[in-house]
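Content type PDB, C-alpha atoms and all ligand atoms, from the file final.pdb:
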ATOM      1  CA  MET M   1     125.773  55.002 108.523  1.00  0.00           C
ATOM      2  CA  SER M   2     129.088  56.479 107.258  1.00  0.00           C
ATOM      3  CA  LYS M   3     129.353  58.512 110.484  1.00  0.00           C
ATOM      4  CA  ARG M   4     130.584  55.251 112.057  1.00  0.00           C
ATOM      5  CA  ILE M   5     133.773  55.454 110.008  1.00  0.00           C
ATOM      6  CA  ASN M   6     136.872  56.052 112.119  1.00  0.00           C
ATOM      7  CA  TYR M   7     139.799  57.235 109.981  1.00  0.00           C
ATOM      8  CA  GLU M   8     142.520  56.176 112.456  1.00  0.00           C
ATOM      9  CA  LYS M   9     141.017  52.705 112.756  1.00  0.00           C
ATOM     10  CA  ALA M  10     140.963  52.258 108.974  1.00  0.00           C
ATOM     11  CA  LEU M  11     144.619  53.273 108.683  1.00  0.00           C
ATOM     12  CA  GLU M  12     145.557  50.932 111.539  1.00  0.00           C
ATOM     13  CA  TYR M  13     143.820  48.121 109.655  1.00  0.00           C
ATOM     14  CA  TRP M  14     145.835  48.844 106.472  1.00  0.00           C
ATOM     15  CA  SER M  15     149.100  49.180 108.396  1.00  0.00           C
ATOM     16  CA  GLU M  16     148.846  45.450 109.212  1.00  0.00           C
ATOM     17  CA  ILE M  17     148.239  44.365 105.609  1.00  0.00           C
ATOM     18  CA  PRO M  18     151.182  43.131 103.491  1.00  0.00           C
ATOM     19  CA  ALA M  19     152.245  45.222 100.490  1.00  0.00           C
ATOM     20  CA  THR M  20     151.149  42.684  97.874  1.00  0.00           C
ATOM     21  CA  VAL M  21     148.335  42.500  95.287  1.00  0.00           C
ATOM     22  CA  ASP M  22     146.608  39.877  97.423  1.00  0.00           C
ATOM     23  CA  GLY M  23     146.977  42.192 100.431  1.00  0.00           C
ATOM     24  CA  VAL M  24     145.430  45.278  98.821  1.00  0.00           C
ATOM     25  CA  LEU M  25     142.626  43.160  97.354  1.00  0.00           C
ATOM     26  CA  GLY M  26     141.742  41.536 100.688  1.00  0.00           C
ATOM     27  CA  GLY M  27     142.743  38.027  99.588  1.00  0.00           C
ATOM     28  CA  PHE M  28     141.136  38.436  96.144  1.00  0.00           C
ATOM     29  CA  GLY M  29     144.375  38.975  94.228  1.00  0.00           C
ATOM     30  CA  PHE M  30     143.148  36.466  91.643  1.00  0.00           C
ATOM     31  CA  ILE M  31     140.505  38.950  90.373  1.00  0.00           C
ATOM     32  CA  SER M  32     143.081  41.640  89.556  1.00  0.00           C
ATOM     33  CA  ASP M  33     143.530  40.699  85.878  1.00  0.00           C
ATOM     34  CA  ILE M  34     139.757  40.584  85.228  1.00  0.00           C
ATOM     35  CA  ASP M  35     139.395  43.904  87.027  1.00  0.00           C
ATOM     36  CA  ILE M  36     142.053  45.524  84.843  1.00  0.00           C
ATOM     37  CA  VAL M  37     140.417  44.177  81.651  1.00  0.00           C
ATOM     38  CA  GLY M  38     137.073  45.746  82.664  1.00  0.00           C
ATOM     39  CA  SER M  39     138.735  49.024  83.638  1.00  0.00           C
ATOM     40  CA  THR M  40     140.722  49.168  80.388  1.00  0.00           C
ATOM     41  CA  GLN M  41     137.531  48.778  78.332  1.00  0.00           C
ATOM     42  CA  PHE M  42     135.858  51.483  80.407  1.00  0.00           C
ATOM     43  CA  LEU M  43     138.800  53.870  80.093  1.00  0.00           C
ATOM     44  CA  GLN M  44     138.998  53.296  76.334  1.00  0.00           C
ATOM     45  CA  SER M  45     135.282  54.077  76.060  1.00  0.00           C
ATOM     46  CA  LEU M  46     136.045  57.454  77.677  1.00  0.00           C
ATOM     47  CA  PHE M  47     138.681  58.170  75.041  1.00  0.00           C
ATOM     48  CA  SER M  48     135.929  57.633  72.418  1.00  0.00           C
ATOM     49  CA  LEU M  49     133.687  60.323  73.928  1.00  0.00           C
ATOM     50  CA  GLU M  50     133.123  63.434  71.824  1.00  0.00           C
ATOM     51  CA  ASN M  51     134.843  65.584  74.459  1.00  0.00           C
ATOM     52  CA  SER M  52     137.362  62.946  75.473  1.00  0.00           C
ATOM     53  CA  PRO M  53     139.856  63.471  78.288  1.00  0.00           C
ATOM     54  CA  GLY M  54     143.536  64.123  77.515  1.00  0.00           C
ATOM     55  CA  ARG M  55     146.245  61.508  78.039  1.00  0.00           C
ATOM     56  CA  GLU M  56     148.821  63.628  79.761  1.00  0.00           C
ATOM     57  CA  VAL M  57     148.370  62.952  83.460  1.00  0.00           C
ATOM     58  CA  ALA M  58     146.172  60.746  85.640  1.00  0.00           C
ATOM     59  CA  LEU M  59     145.772  60.449  89.406  1.00  0.00           C
ATOM     60  CA  ASP M  60     145.442  57.082  91.199  1.00  0.00           C
ATOM     61  CA  CYS M  61     143.576  57.683  94.486  1.00  0.00           C
ATOM     62  CA  GLY M  62     144.046  55.285  97.403  1.00  0.00           C
ATOM     63  CA  ALA M  63     146.621  53.622  95.183  1.00  0.00           C
ATOM     64  CA  GLY M  64     147.815  50.873  97.522  1.00  0.00           C
ATOM     65  CA  ILE M  65     150.981  49.428  95.951  1.00  0.00           C
ATOM     66  CA  GLY M  66     150.188  50.943  92.530  1.00  0.00           C
ATOM     67  CA  ARG M  67     148.312  48.007  90.988  1.00  0.00           C
ATOM     68  CA  ILE M  68     146.072  50.332  88.932  1.00  0.00           C
ATOM     69  CA  THR M  69     148.913  52.757  88.201  1.00  0.00           C
ATOM     70  CA  LYS M  70     151.016  49.960  86.712  1.00  0.00           C
ATOM     71  CA  HIS M  71     148.461  47.934  84.780  1.00  0.00           C
ATOM     72  CA  LEU M  72     145.829  50.495  83.791  1.00  0.00           C
ATOM     73  CA  LEU M  73     147.006  54.096  83.973  1.00  0.00           C
ATOM     74  CA  LEU M  74     150.686  54.076  82.921  1.00  0.00           C
ATOM     75  CA  PRO M  75     149.867  52.291  79.626  1.00  0.00           C
ATOM     76  CA  HIS M  76     147.459  55.159  78.765  1.00  0.00           C
ATOM     77  CA  PHE M  77     148.998  58.324  80.291  1.00  0.00           C
ATOM     78  CA  ASN M  78     152.394  60.016  80.087  1.00  0.00           C
ATOM     79  CA  LYS M  79     152.448  60.510  83.822  1.00  0.00           C
ATOM     80  CA  VAL M  80     150.593  59.166  86.856  1.00  0.00           C
ATOM     81  CA  ASP M  81     150.497  60.752  90.318  1.00  0.00           C
ATOM     82  CA  VAL M  82     149.259  58.756  93.292  1.00  0.00           C
ATOM     83  CA  ILE M  83     147.607  59.370  96.661  1.00  0.00           C
ATOM     84  CA  GLU M  84     148.166  56.824  99.429  1.00  0.00           C
ATOM     85  CA  PRO M  85     148.167  57.352 103.220  1.00  0.00           C
ATOM     86  CA  ASP M  86     149.938  54.105 104.176  1.00  0.00           C
ATOM     87  CA  GLN M  87     153.735  54.634 104.166  1.00  0.00           C
ATOM     88  CA  LYS M  88     154.526  50.945 103.613  1.00  0.00           C
ATOM     89  CA  PHE M  89     152.358  50.815 100.444  1.00  0.00           C
ATOM     90  CA  LEU M  90     153.776  54.118  99.227  1.00  0.00           C
ATOM     91  CA  ASN M  91     157.334  52.772  99.679  1.00  0.00           C
ATOM     92  CA  GLU M  92     156.468  49.779  97.491  1.00  0.00           C
ATOM     93  CA  ILE M  93     154.930  51.642  94.532  1.00  0.00           C
ATOM     94  CA  LEU M  94     158.051  52.395  92.459  1.00  0.00           C
ATOM     95  CA  ASN M  95     159.383  48.906  93.035  1.00  0.00           C
ATOM     96  CA  TYR M  96     156.045  47.302  92.071  1.00  0.00           C
ATOM     97  CA  VAL M  97     155.653  49.477  88.944  1.00  0.00           C
ATOM     98  CA  GLY M  98     159.148  48.476  87.803  1.00  0.00           C
ATOM     99  CA  GLU M  99     160.452  49.581  84.413  1.00  0.00           C
ATOM    100  CA  ASN M 100     158.025  52.502  83.879  1.00  0.00           C
ATOM    101  CA  SER M 101     158.508  53.898  87.371  1.00  0.00           C
ATOM    102  CA  SER M 102     160.134  57.061  85.953  1.00  0.00           C
ATOM    103  CA  ASN M 103     156.646  57.994  84.691  1.00  0.00           C
ATOM    104  CA  VAL M 104     155.238  57.947  88.207  1.00  0.00           C
ATOM    105  CA  GLY M 105     155.120  61.558  89.345  1.00  0.00           C
ATOM    106  CA  LYS M 106     154.077  62.999  92.666  1.00  0.00           C
ATOM    107  CA  LEU M 107     153.456  60.575  95.535  1.00  0.00           C
ATOM    108  CA  TYR M 108     150.945  62.337  97.787  1.00  0.00           C
ATOM    109  CA  HIS M 109     151.342  60.818 101.266  1.00  0.00           C
ATOM    110  CA  THR M 110     147.885  61.763 102.504  1.00  0.00           C
ATOM    111  CA  SER M 111     144.295  60.634 102.945  1.00  0.00           C
ATOM    112  CA  LEU M 112     141.672  61.611 100.380  1.00  0.00           C
ATOM    113  CA  GLN M 113     139.770  63.745 102.895  1.00  0.00           C
ATOM    114  CA  ASP M 114     142.927  65.891 103.347  1.00  0.00           C
ATOM    115  CA  PHE M 115     143.992  65.961  99.691  1.00  0.00           C
ATOM    116  CA  GLN M 116     145.298  69.277  98.348  1.00  0.00           C
ATOM    117  CA  PRO M 117     146.005  68.969  94.624  1.00  0.00           C
ATOM    118  CA  GLU M 118     149.029  70.651  93.112  1.00  0.00           C
ATOM    119  CA  ARG M 119     148.043  70.414  89.445  1.00  0.00           C
ATOM    120  CA  LYS M 120     145.211  69.533  87.026  1.00  0.00           C
ATOM    121  CA  TYR M 121     144.405  65.957  85.981  1.00  0.00           C
ATOM    122  CA  ASP M 122     142.891  64.427  82.848  1.00  0.00           C
ATOM    123  CA  VAL M 123     141.539  61.373  84.686  1.00  0.00           C
ATOM    124  CA  ILE M 124     141.160  60.914  88.442  1.00  0.00           C
ATOM    125  CA  TRP M 125     140.706  57.208  89.215  1.00  0.00           C
ATOM    126  CA  ASN M 126     139.102  56.212  92.555  1.00  0.00           C
ATOM    127  CA  GLN M 127     138.799  52.498  93.138  1.00  0.00           C
ATOM    128  CA  TRP M 128     137.951  50.492  96.227  1.00  0.00           C
ATOM    129  CA  VAL M 129     138.713  53.456  98.454  1.00  0.00           C
ATOM    130  CA  LEU M 130     135.664  55.750  98.705  1.00  0.00           C
ATOM    131  CA  GLY M 131     134.071  53.472 101.301  1.00  0.00           C
ATOM    132  CA  TYR M 132     136.673  54.795 103.758  1.00  0.00           C
ATOM    133  CA  LEU M 133     135.249  58.333 103.611  1.00  0.00           C
ATOM    134  CA  LYS M 134     132.312  59.725 105.550  1.00  0.00           C
ATOM    135  CA  ASP M 135     129.558  61.031 103.251  1.00  0.00           C
ATOM    136  CA  GLU M 136     130.203  64.726 103.915  1.00  0.00           C
ATOM    137  CA  ASP M 137     133.979  64.278 103.428  1.00  0.00           C
ATOM    138  CA  LEU M 138     133.348  62.324 100.235  1.00  0.00           C
ATOM    139  CA  VAL M 139     131.262  65.189  98.832  1.00  0.00           C
ATOM    140  CA  SER M 140     134.007  67.725  99.714  1.00  0.00           C
ATOM    141  CA  TYR M 141     136.687  65.454  98.246  1.00  0.00           C
ATOM    142  CA  LEU M 142     134.746  65.023  94.988  1.00  0.00           C
ATOM    143  CA  ILE M 143     134.359  68.804  94.771  1.00  0.00           C
ATOM    144  CA  THR M 144     138.153  69.094  95.204  1.00  0.00           C
ATOM    145  CA  CYS M 145     138.577  66.577  92.373  1.00  0.00           C
ATOM    146  CA  ARG M 146     136.034  68.422  90.200  1.00  0.00           C
ATOM    147  CA  ASN M 147     137.972  71.665  90.666  1.00  0.00           C
ATOM    148  CA  THR M 148     141.258  70.050  89.674  1.00  0.00           C
ATOM    149  CA  LEU M 149     140.141  68.486  86.383  1.00  0.00           C
ATOM    150  CA  ALA M 150     141.916  69.516  83.197  1.00  0.00           C
ATOM    151  CA  GLU M 151     139.776  70.453  80.180  1.00  0.00           C
ATOM    152  CA  ASN M 152     137.463  67.501  79.362  1.00  0.00           C
ATOM    153  CA  GLY M 153     138.784  65.776  82.477  1.00  0.00           C
ATOM    154  CA  VAL M 154     136.844  62.865  83.982  1.00  0.00           C
ATOM    155  CA  ILE M 155     136.553  61.478  87.503  1.00  0.00           C
ATOM    156  CA  VAL M 156     136.170  57.687  87.574  1.00  0.00           C
ATOM    157  CA  VAL M 157     134.648  55.900  90.539  1.00  0.00           C
ATOM    158  CA  LYS M 158     134.886  52.095  90.629  1.00  0.00           C
ATOM    159  CA  GLU M 159     133.369  50.737  93.814  1.00  0.00           C
ATOM    160  CA  ASN M 160     131.472  47.878  95.401  1.00  0.00           C
ATOM    161  CA  ILE M 161     127.716  48.515  95.517  1.00  0.00           C
ATOM    162  CA  THR M 162     125.301  46.731  97.850  1.00  0.00           C
ATOM    163  CA  SER M 163     122.511  44.626  96.405  1.00  0.00           C
ATOM    164  CA  SER M 164     120.338  45.282  99.465  1.00  0.00           C
ATOM    165  CA  GLY M 165     119.633  48.881  98.432  1.00  0.00           C
ATOM    166  CA  LYS M 166     121.091  49.993 101.759  1.00  0.00           C
ATOM    167  CA  THR M 167     124.503  51.191 102.856  1.00  0.00           C
ATOM    168  CA  GLU M 168     126.310  48.493 104.860  1.00  0.00           C
ATOM    169  CA  ALA M 169     129.084  49.029 107.428  1.00  0.00           C
ATOM    170  CA  ASP M 170     132.168  46.869 107.996  1.00  0.00           C
ATOM    171  CA  ASP M 171     133.676  47.467 111.430  1.00  0.00           C
ATOM    172  CA  ALA M 172     136.759  45.313 110.681  1.00  0.00           C
ATOM    173  CA  ASP M 173     138.330  47.958 108.418  1.00  0.00           C
ATOM    174  CA  SER M 174     136.001  50.818 109.416  1.00  0.00           C
ATOM    175  CA  SER M 175     134.458  51.232 105.960  1.00  0.00           C
ATOM    176  CA  VAL M 176     131.033  51.338 104.366  1.00  0.00           C
ATOM    177  CA  THR M 177     129.686  49.848 101.157  1.00  0.00           C
ATOM    178  CA  ARG M 178     127.145  52.217  99.650  1.00  0.00           C
ATOM    179  CA  CYS M 179     124.047  51.479  97.612  1.00  0.00           C
ATOM    180  CA  LEU M 180     123.527  52.963  94.158  1.00  0.00           C
ATOM    181  CA  LYS M 181     121.024  55.516  95.456  1.00  0.00           C
ATOM    182  CA  GLN M 182     123.543  56.864  97.975  1.00  0.00           C
ATOM    183  CA  TYR M 183     126.249  57.323  95.349  1.00  0.00           C
ATOM    184  CA  THR M 184     123.714  59.037  93.051  1.00  0.00           C
ATOM    185  CA  LYS M 185     122.876  61.462  95.860  1.00  0.00           C
ATOM    186  CA  ILE M 186     126.565  62.124  96.645  1.00  0.00           C
ATOM    187  CA  PHE M 187     127.444  62.755  92.976  1.00  0.00           C
ATOM    188  CA  LYS M 188     124.560  65.218  92.764  1.00  0.00           C
ATOM    189  CA  GLN M 189     125.704  67.038  95.907  1.00  0.00           C
ATOM    190  CA  ALA M 190     129.197  67.317  94.406  1.00  0.00           C
ATOM    191  CA  LYS M 191     127.647  68.746  91.201  1.00  0.00           C
ATOM    192  CA  LEU M 192     128.881  65.855  89.097  1.00  0.00           C
ATOM    193  CA  LYS M 193     126.945  64.066  86.378  1.00  0.00           C
ATOM    194  CA  ARG M 194     127.391  60.557  85.068  1.00  0.00           C
ATOM    195  CA  VAL M 195     128.425  60.339  81.433  1.00  0.00           C
ATOM    196  CA  LYS M 196     128.963  56.575  81.603  1.00  0.00           C
ATOM    197  CA  GLN M 197     128.045  53.802  84.001  1.00  0.00           C
ATOM    198  CA  CYS M 198     128.962  50.150  83.673  1.00  0.00           C
ATOM    199  CA  LYS M 199     128.843  47.028  85.845  1.00  0.00           C
ATOM    200  CA  GLN M 200     132.063  44.985  85.991  1.00  0.00           C
ATOM    201  CA  THR M 201     131.528  41.542  84.445  1.00  0.00           C
ATOM    202  CA  ASN M 202     133.183  38.165  85.082  1.00  0.00           C
ATOM    203  CA  PHE M 203     133.787  38.662  88.786  1.00  0.00           C
ATOM    204  CA  PRO M 204     133.204  35.582  90.982  1.00  0.00           C
ATOM    205  CA  ASN M 205     129.849  35.027  92.664  1.00  0.00           C
ATOM    206  CA  GLY M 206     129.541  35.931  96.303  1.00  0.00           C
ATOM    207  CA  ILE M 207     131.244  39.324  96.188  1.00  0.00           C
ATOM    208  CA  TYR M 208     129.567  42.716  95.962  1.00  0.00           C
ATOM    209  CA  PRO M 209     128.611  43.909  92.479  1.00  0.00           C
ATOM    210  CA  VAL M 210     131.182  46.447  91.251  1.00  0.00           C
ATOM    211  CA  TYR M 211     130.181  49.501  89.213  1.00  0.00           C
ATOM    212  CA  MET M 212     132.209  52.025  87.248  1.00  0.00           C
ATOM    213  CA  PHE M 213     131.003  55.606  86.916  1.00  0.00           C
ATOM    214  CA  ALA M 214     132.497  58.342  84.731  1.00  0.00           C
ATOM    215  CA  LEU M 215     131.706  61.760  86.175  1.00  0.00           C
ATOM    216  CA  ILE M 216     132.090  65.251  84.765  1.00  0.00           C
ATOM    217  CA  PRO M 217     131.183  68.639  86.252  1.00  0.00           C
ATOM    218  CA  VAL M 218     127.587  69.784  85.939  1.00  0.00           C
ATOM    219  CA  LYS M 219     127.679  73.078  84.066  1.00  0.00           C
ATOM    220  CA  ASP M 220     126.826  76.074  86.178  1.00  0.00           C
ATOM    221  CA  HIS M 221     123.604  77.309  84.502  1.00  0.00           C
ATOM    222  CA  VAL M 222     123.716  80.692  86.202  1.00  0.00           C
ATOM    223  CA  SER M 223     127.104  81.597  84.800  1.00  0.00           C
ATOM    224  CA  GLU M 224     126.245  79.894  81.483  1.00  0.00           C
ATOM    225  CA  ASN M 225     123.112  82.021  81.131  1.00  0.00           C
ATOM    226  CA  LYS M 226     125.083  85.060  82.172  1.00  0.00           C
ATOM    227  CA  HIS M 227     127.612  84.284  79.473  1.00  0.00           C
ATOM    228  CA  GLU M 228     124.809  83.877  76.925  1.00  0.00           C
ATOM    229  CA  ASN M 229     123.295  87.206  78.031  1.00  0.00           C
ATOM    230  CA  ASP M 230     126.702  88.861  77.768  1.00  0.00           C
ATOM    231  CA  LEU M 231     126.853  87.696  74.165  1.00  0.00           C
ATOM    232  CA  LEU M 232     123.444  89.223  73.266  1.00  0.00           C
TER     233      LEU M 232
HETATM  234  C1  LIG M 301     141.202  47.946  98.966  1.00  0.00           C
HETATM  235  S1  LIG M 301     142.726  48.850  98.846  1.00  0.00           S
HETATM  236  C2  LIG M 301     142.639  49.331  97.139  1.00  0.00           C
HETATM  237  C3  LIG M 301     143.947  49.753  96.563  1.00  0.00           C
HETATM  238  C4  LIG M 301     143.896  50.140  95.078  1.00  0.00           C
HETATM  239  N1  LIG M 301     142.906  51.154  94.824  1.00  0.00           N
HETATM  240  C5  LIG M 301     143.649  48.935  94.225  1.00  0.00           C
HETATM  241  O1  LIG M 301     142.513  48.769  93.742  1.00  0.00           O
HETATM  242  O2  LIG M 301     144.588  48.149  94.030  1.00  0.00           O
HETATM  243  C6  LIG M 301     142.296  50.350  99.727  1.00  0.00           C
HETATM  244  C7  LIG M 301     143.399  51.383  99.796  1.00  0.00           C
HETATM  245  O3  LIG M 301     142.833  52.592 100.304  1.00  0.00           O
HETATM  246  C8  LIG M 301     143.746  53.168 101.227  1.00  0.00           C
HETATM  247  N2  LIG M 301     142.967  54.038 102.133  1.00  0.00           N
HETATM  248  C9  LIG M 301     142.258  53.727 103.227  1.00  0.00           C
HETATM  249  N3  LIG M 301     141.677  54.818 103.753  1.00  0.00           N
HETATM  250  C10 LIG M 301     142.011  55.850 102.940  1.00  0.00           C
HETATM  251  C11 LIG M 301     141.719  57.249 102.934  1.00  0.00           C
HETATM  252  N4  LIG M 301     140.941  57.812 103.865  1.00  0.00           N
HETATM  253  N5  LIG M 301     142.238  58.015 101.951  1.00  0.00           N
HETATM  254  C12 LIG M 301     143.018  57.453 100.987  1.00  0.00           C
HETATM  255  N6  LIG M 301     143.316  56.144 100.928  1.00  0.00           N
HETATM  256  C13 LIG M 301     142.818  55.353 101.894  1.00  0.00           C
HETATM  257  C14 LIG M 301     144.415  51.988 101.902  1.00  0.00           C
HETATM  258  O4  LIG M 301     145.640  52.360 102.500  1.00  0.00           O
HETATM  259  C15 LIG M 301     144.563  51.036 100.711  1.00  0.00           C
HETATM  260  O5  LIG M 301     145.756  51.284 100.021  1.00  0.00           O
END
As structure tokens - that is how I would like this structure written.
Amino acid sequence: MSKRINYEKALEYWSEIPATVDGVLGGFGFISDIDIVGSTQFLQSLFSLENSPGREVALDCGAGIGRITKHLLLPHFNKVDVIEPDQKFLNEILNYVGENSSNVGKLYHTSLQDFQPERKYDVIWNQWVLGYLKDEDLVSYLITCRNTLAENGVIVVKENITSSGKTEADDADSSVTRCLKQYTKIFKQAKLKRVKQCKQTNFPNGIYPVYMFALIPVKDHVSENKHENDLL
């Protein structure tokens, strides 16, 4: 199903969308505050983990105008880098973030499937963007993210999930909405395991259910065993 995705078509779609909260949320700007409340609770639950992520630097992936950077990540991290392929959205980020814009770091003007990280991150936040990637590119991208995590770093995925149990395509913006089983398979292929999973509450009826996943690298048993043997 995700083979139908056409990257140029998706970027053309976004190039026509105004650089506003309502624009990046497809006319659902009114759910932004509820979304941020749910994300804040989820992020804080990660800071309570035994091996909790650091608070130095986060990455906002498919950032749009920096809605998540401003309201969720900058209040919790010293620095936030962003990835966004649309130049108009990228141009708006510092303006939208406002007074804390000096804490916005690198603006990667690229698509996730072409992302080449330049540093390590404590939290890598992916929201309402992974549906624009073909399955095989999503696996490669998640492996890139896994390899660029700081110690105890966490990848967060917050995405729409179908209720039908099947992946559904949207030709208007050339995206897919995956089912839970498909994400589970993709996380496994990227050698990531879920340490937390939570469904967003208080969203209006009639939209896709939204899930948050916290992912960490699966330990490499071969090298772990080797290490244990080396110690014997
Ligand atoms: C629904 S908006 C979400 C924006 C932001 N994550 C938020 O929640 O406010 C989707 C964003 O993904 C970006 N996008 C689309 N295709 C992308 C790709 N292949 N790689 C990275 N970003 C992409 C769009 O330009 C747009 O900013």
I need the residue set behind the PyMOL selection byres (((chain M and resi 208) around 12) and not hetatm) for this file; please write it as a ChimeraX atom specification. /M:128,159-165,168,177-179,199-201,203-207,209-211
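Coordinates place CA of Leu90 (chain M) at a distance of 28.5 Å from CA of Ile186 (chain M).
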Work out how far CA of Leu74 (chain M) is from CA of Ser15 (chain M), in Å to one decimal. 26.0 Å
Name the residues that the PyMOL selection byres (((not hetatm)) within 6 of (chain M and resi 301)) pulls out of this structure, and write them as a ChimeraX atom specification. /M:10-11,14,24-25,62-64,67-68,84-86,111-112,127-129,132-133
Create the file for the chosen residues now, containing C-alpha atoms and written as a compact mmCIF listing (two decimals), in the coordinates of the input.
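Output file result_27.txt is given in full below:
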# COMPACT_ATOMS: atom_id res chain seq x y z
CA ALA M 10 140.96 52.26 108.97
CA LEU M 11 144.62 53.27 108.68
CA TRP M 14 145.84 48.84 106.47
CA VAL M 24 145.43 45.28 98.82
CA LEU M 25 142.63 43.16 97.35
CA GLY M 62 144.05 55.28 97.40
CA ALA M 63 146.62 53.62 95.18
CA GLY M 64 147.82 50.87 97.52
CA ARG M 67 148.31 48.01 90.99
CA ILE M 68 146.07 50.33 88.93
CA GLU M 84 148.17 56.82 99.43
CA PRO M 85 148.17 57.35 103.22
CA ASP M 86 149.94 54.10 104.18
CA SER M 111 144.29 60.63 102.94
CA LEU M 112 141.67 61.61 100.38
CA GLN M 127 138.80 52.50 93.14
CA TRP M 128 137.95 50.49 96.23
CA VAL M 129 138.71 53.46 98.45
CA TYR M 132 136.67 54.80 103.76
CA LEU M 133 135.25 58.33 103.61
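Picture a line from CA of Lys188 (chain M) to CA of Val154 (chain M); it runs 15.3 Å.
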Tell me, counting all atoms listed in the file, for each residue of region 1-76 of chain M within 9 Å of region 113-122 of chain M, which pair of atoms is nearest and how far apart they are in Å to one decimal, in rows ordered by chain and increasing number, as CSV.
residue,atom,partner,partner_atom,distance
M:Pro53,CA,M:Asp122,CA,5.6
M:Gly54,CA,M:Asp122,CA,5.4
M:Arg55,CA,M:Asp122,CA,6.5
M:Glu56,CA,M:Asp122,CA,6.7
M:Val57,CA,M:Tyr121,CA,5.6
M:Ala58,CA,M:Tyr121,CA,5.5
M:Leu59,CA,M:Tyr121,CA,6.6
Exercise on region 56-68 of chain M, axis-aligned box with 3 Å per side, report centre and edge lengths in Å to one decimal, as JSON:
{"center_x": 147.3, "center_y": 55.8, "center_z": 88.6, "size_x": 13.4, "size_y": 21.6, "size_z": 23.8}
Taking into account only C-alpha atoms, which residue in the set M:Lys166, M:Lys70, M:Lys79, M:Lys88 is nearest to Gly105 (chain M)?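 For Gly105 (chain M), the nearest of the candidates is M:Lys79.
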Step by step, work through what the PyMOL selection byres (((chain M and resi 100-104) around 6) and not hetatm) selects in the shown file, and finish by giving those residues as number ranges by chain. M: 79-81, 94, 97-99, 105
Output file for the selection above: C-alpha atoms, as a PDB file, in the coordinates of the input:
ATOM      1  CA  LYS M  79     152.448  60.510  83.822  1.00  0.00           C
ATOM      2  CA  VAL M  80     150.593  59.166  86.856  1.00  0.00           C
ATOM      3  CA  ASP M  81     150.497  60.752  90.318  1.00  0.00           C
ATOM      4  CA  LEU M  94     158.051  52.395  92.459  1.00  0.00           C
ATOM      5  CA  VAL M  97     155.653  49.477  88.944  1.00  0.00           C
ATOM      6  CA  GLY M  98     159.148  48.476  87.803  1.00  0.00           C
ATOM      7  CA  GLU M  99     160.452  49.581  84.413  1.00  0.00           C
ATOM      8  CA  GLY M 105     155.120  61.558  89.345  1.00  0.00           C
TER       9      GLY M 105
END
Do you know which residues are at most 10 Å from Ser174 (chain M) counting only C-alpha atoms, after dropping those on the same chain fewer than 5 positions away, and could you put them as a PDB file with C-alpha atoms, in the coordinates of the input?
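Below is the file that was written, result25.pdb:
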ATOM      1  CA  SER M   2     129.088  56.479 107.258  1.00  0.00           C
ATOM      2  CA  ARG M   4     130.584  55.251 112.057  1.00  0.00           C
ATOM      3  CA  ILE M   5     133.773  55.454 110.008  1.00  0.00           C
ATOM      4  CA  ASN M   6     136.872  56.052 112.119  1.00  0.00           C
ATOM      5  CA  TYR M   7     139.799  57.235 109.981  1.00  0.00           C
ATOM      6  CA  GLU M   8     142.520  56.176 112.456  1.00  0.00           C
ATOM      7  CA  LYS M   9     141.017  52.705 112.756  1.00  0.00           C
ATOM      8  CA  ALA M  10     140.963  52.258 108.974  1.00  0.00           C
ATOM      9  CA  LEU M  11     144.619  53.273 108.683  1.00  0.00           C
ATOM     10  CA  GLU M  12     145.557  50.932 111.539  1.00  0.00           C
ATOM     11  CA  TYR M  13     143.820  48.121 109.655  1.00  0.00           C
ATOM     12  CA  GLY M 131     134.071  53.472 101.301  1.00  0.00           C
ATOM     13  CA  TYR M 132     136.673  54.795 103.758  1.00  0.00           C
ATOM     14  CA  LEU M 133     135.249  58.333 103.611  1.00  0.00           C
ATOM     15  CA  ALA M 169     129.084  49.029 107.428  1.00  0.00           C
TER      16      ALA M 169
END
Hey, which of M:Gln44, M:Asn91, M:Asn126, M:Ser32 ends up closest to Ile155 (chain M)? Count all atoms listed in the file. M:Asn126
Please list as a PyMOL selection string every residue within 10 Å of Ile34 (chain M), counting all atoms listed in the file and excluding residues in the same chain fewer than 3 positions away. chain M and resi 30-31+37-40+200-203
